[in-house]
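A.B. asks: What follows is a single structure, and I will ask about it in a moment.
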Amino acid sequence: MKLYITAGSPYARMTRMLVIEKGLQSRVSEHIAQTRVADSPYYPLSVSGRVPYLVCEDGEGLEGSVAICDHLDSLVGAPLLTRPVPLQARVVAQLDGRATSLLDGLAVWFRELVRPADERSPTVIEHEHRRAERLLSWWETQIAHPWMNGPFNHAQLTLGCALAFALKIRGFEWRPDRPALAAWFETFSRRPSFAATEPLALKK
Ligand SMILES: N[C@@H](CCC(=O)N[C@@H](CS)C(=O)NCC(=O)O)C(=O)O
């Protein structure tokens with residue numbers, strides 16, 4: 001299988017962590033996609049131009065971190081990502097949704113900051129900054145939830161990659177005022193698959 005990624009994409013990182021967590025390294029090769037340029041040779045392969053994108057063993061393509069994580073998780077052994085039982089489903093959907101919402105907002109904020117200065121929107125930056133502050137403070141109050149501290153699951157994977165990505169935003173230090181979240185992140189970041197998917201650890 002071929003997994004198309006970029007070095008810094010937190011969504012791609014989620015799928016790269018899962019490849020390692022499931023021991024699929026010998027079956028999945030990583031390929032750097034050229035994103036965000038006109039006429040990239042990547043576009044005929046993945047029509048949206050986004051990463052992650054997985055070309056499966058039968059040649060079919062799969063877009064998006066959720067679908068790719070689910071597919072990888074189904075390939076070998078018992079599922080690793082713990083699924084909620086029906087009674088937990090609503091609260092787990094809320095945790096999952098708020099982790100994704102944090103990551104989506106940080107991605108917009110980061111992209112705005114790496115634009116040339118005269119193309120940046122202070123309004124968007126301010127909006128995303130405020131959203132991130134609100135969501136991170138919400139997470140500080142919720143991070144003790146058993147779903148975030150029990151067996152590995154998609155909400156943990158998303159939140160961990162989002163918190164790591166937040167540290168890429170220069171001058172944005174979310175940890176001092178949120179000790180519980182910072183401690184949770186410290187534990188998450190000890191997973192070997194996390195260190196192995198550090199953007200700078202990508203040699204290719
Ligand atoms: N919802 C998607 C988001 C993927 C996404 O936004 N990827 C970014 C990189 S972080 C991308 O490929 N951007 C290229 C572009 O916008 O053309 C997922 O979960 O995979």
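Every chain in the structure tokens takes a letter, A first, then B, and so on in the order presented; its residues are numbered from 1, and the ligands are numbered from 1 following the presented order.
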Got a sec: who's within 10 Å of Leu95 (chain A), counting only C-alpha atoms, leaving out chain neighbours fewer than 6 positions off, as a PyMOL selection string?
C.D. replies: chain A and resi 89+101+139+142-143+145+147-148+154-156+158-159
A.B. asks: Would you mind exporting C-alpha atoms of the selected residues as a PDB file, in the first residue's frame?
C.D. replies:
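What landed in selection-v1.pdb:
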ATOM      1  CA  ALA A  89     -21.658   6.593  21.918  1.00  0.00           C
ATOM      2  CA  SER A 101     -12.696  20.561  15.711  1.00  0.00           C
ATOM      3  CA  TRP A 139     -10.322  19.967  27.073  1.00  0.00           C
ATOM      4  CA  GLN A 142     -12.626  17.024  30.234  1.00  0.00           C
ATOM      5  CA  ILE A 143      -9.270  15.338  29.890  1.00  0.00           C
ATOM      6  CA  HIS A 145     -12.692  11.421  31.170  1.00  0.00           C
ATOM      7  CA  TRP A 147     -12.384   7.510  27.386  1.00  0.00           C
ATOM      8  CA  MET A 148      -9.325   9.753  27.114  1.00  0.00           C
ATOM      9  CA  HIS A 154      -9.548   7.670  17.780  1.00  0.00           C
ATOM     10  CA  ALA A 155     -10.289  10.619  20.084  1.00  0.00           C
ATOM     11  CA  GLN A 156      -6.937  10.146  21.826  1.00  0.00           C
ATOM     12  CA  THR A 158      -6.765  13.033  17.156  1.00  0.00           C
ATOM     13  CA  LEU A 159      -6.275  15.097  20.302  1.00  0.00           C
TER      14      LEU A 159
END
A.B. asks: May I have the residues within 8 Å of Leu136 (chain A) as a PyMOL selection string, using only C-alpha atoms and disregarding those fewer than 6 positions away in the same chain?
C.D. replies: chain A and resi 102+174+178
A.B. asks: Write out the residues from the selection above, keeping C-alpha atoms, as a compact mmCIF listing (two decimals), in the first residue's frame.
C.D. replies:
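Below you can see part-v2.txt, which holds the result:
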# COMPACT_ATOMS: atom_id res chain seq x y z
CA LEU A 102 -9.55 21.64 17.55
CA TRP A 174 -1.14 26.40 25.55
CA ARG A 178 -3.69 23.81 31.36
A.B. asks: What residues of the protein or nucleic acid chains come within 6 Å of ligand 1 when you use only C-alpha atoms and all ligand atoms? Reply as a VMD selection string.
C.D. replies: chain A and resid 9 to 11 35 to 36 49 to 52 64 to 66
A.B. asks: DSSP says strand (DSSP E) for which residues of region 10-159 of chain A? Put them as a list in words?
C.D. replies: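 Of region 10-159 of chain A, the ones in strand (DSSP E) are Ser29, Glu30, His31, Ile32, Tyr53, Leu54, Val55, Gly61, Leu62 and Glu63 of chain A.
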A.B. asks: Find the spatial neighbours of Phe185 (chain A), counting only C-alpha atoms, within a cut-off of 9 Å - ignore same-chain residues fewer than 5 positions away - and output them as a list in words.
C.D. replies: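 Answer for this query is Leu159, Gly160, Leu163, Ala164, Ala180 and Arg190 of chain A.
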A.B. asks: Write a file of the just-selected residues containing C-alpha atoms, as a PDB file, in the first residue's frame.
C.D. replies:
ATOM      1  CA  LEU A 159      -6.275  15.097  20.302  1.00  0.00           C
ATOM      2  CA  GLY A 160      -2.637  14.020  20.690  1.00  0.00           C
ATOM      3  CA  LEU A 163      -1.856  19.217  20.654  1.00  0.00           C
ATOM      4  CA  ALA A 164       1.467  18.454  18.991  1.00  0.00           C
ATOM      5  CA  ALA A 180      -3.991  18.463  33.271  1.00  0.00           C
ATOM      6  CA  ARG A 190       5.699   8.812  25.039  1.00  0.00           C
TER       7      ARG A 190
END
A.B. asks: So, with only C-alpha atoms as the atoms that count, which of A:Met1, A:Leu24, A:Ile32, A:Ile68 lies closest to Pro199 (chain A)?
C.D. replies: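 Checking each of A:Met1, A:Leu24, A:Ile32, A:Ile68 against Pro199 (chain A), counting only C-alpha atoms, the winner is A:Ile32.
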A.B. asks: Restricting the calculation to only C-alpha atoms: of A:Asp118, A:Ile20, A:Trp184, A:Leu103, which residue gets closest to Ala166 (chain A)?
C.D. replies: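 Residue with the minimum atom-to-atom distance to Ala166 (chain A): A:Leu103.
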A.B. asks: Run DSSP on the backbone and grab whatever in region 24-196 of chain A lands in helix (DSSP H, G or I); send it over as an MDAnalysis selection string.
C.D. replies: chainID A and resid 65:75 86:113 117:119 122:142 146:149 154:166 179:188 192:196
A.B. asks: What does the distance from CA of Asp96 (chain A) to CA of Glu173 (chain A) come to in Å, to one decimal?
C.D. replies: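 Rounded to one decimal, the two atoms are 22.9 Å apart.
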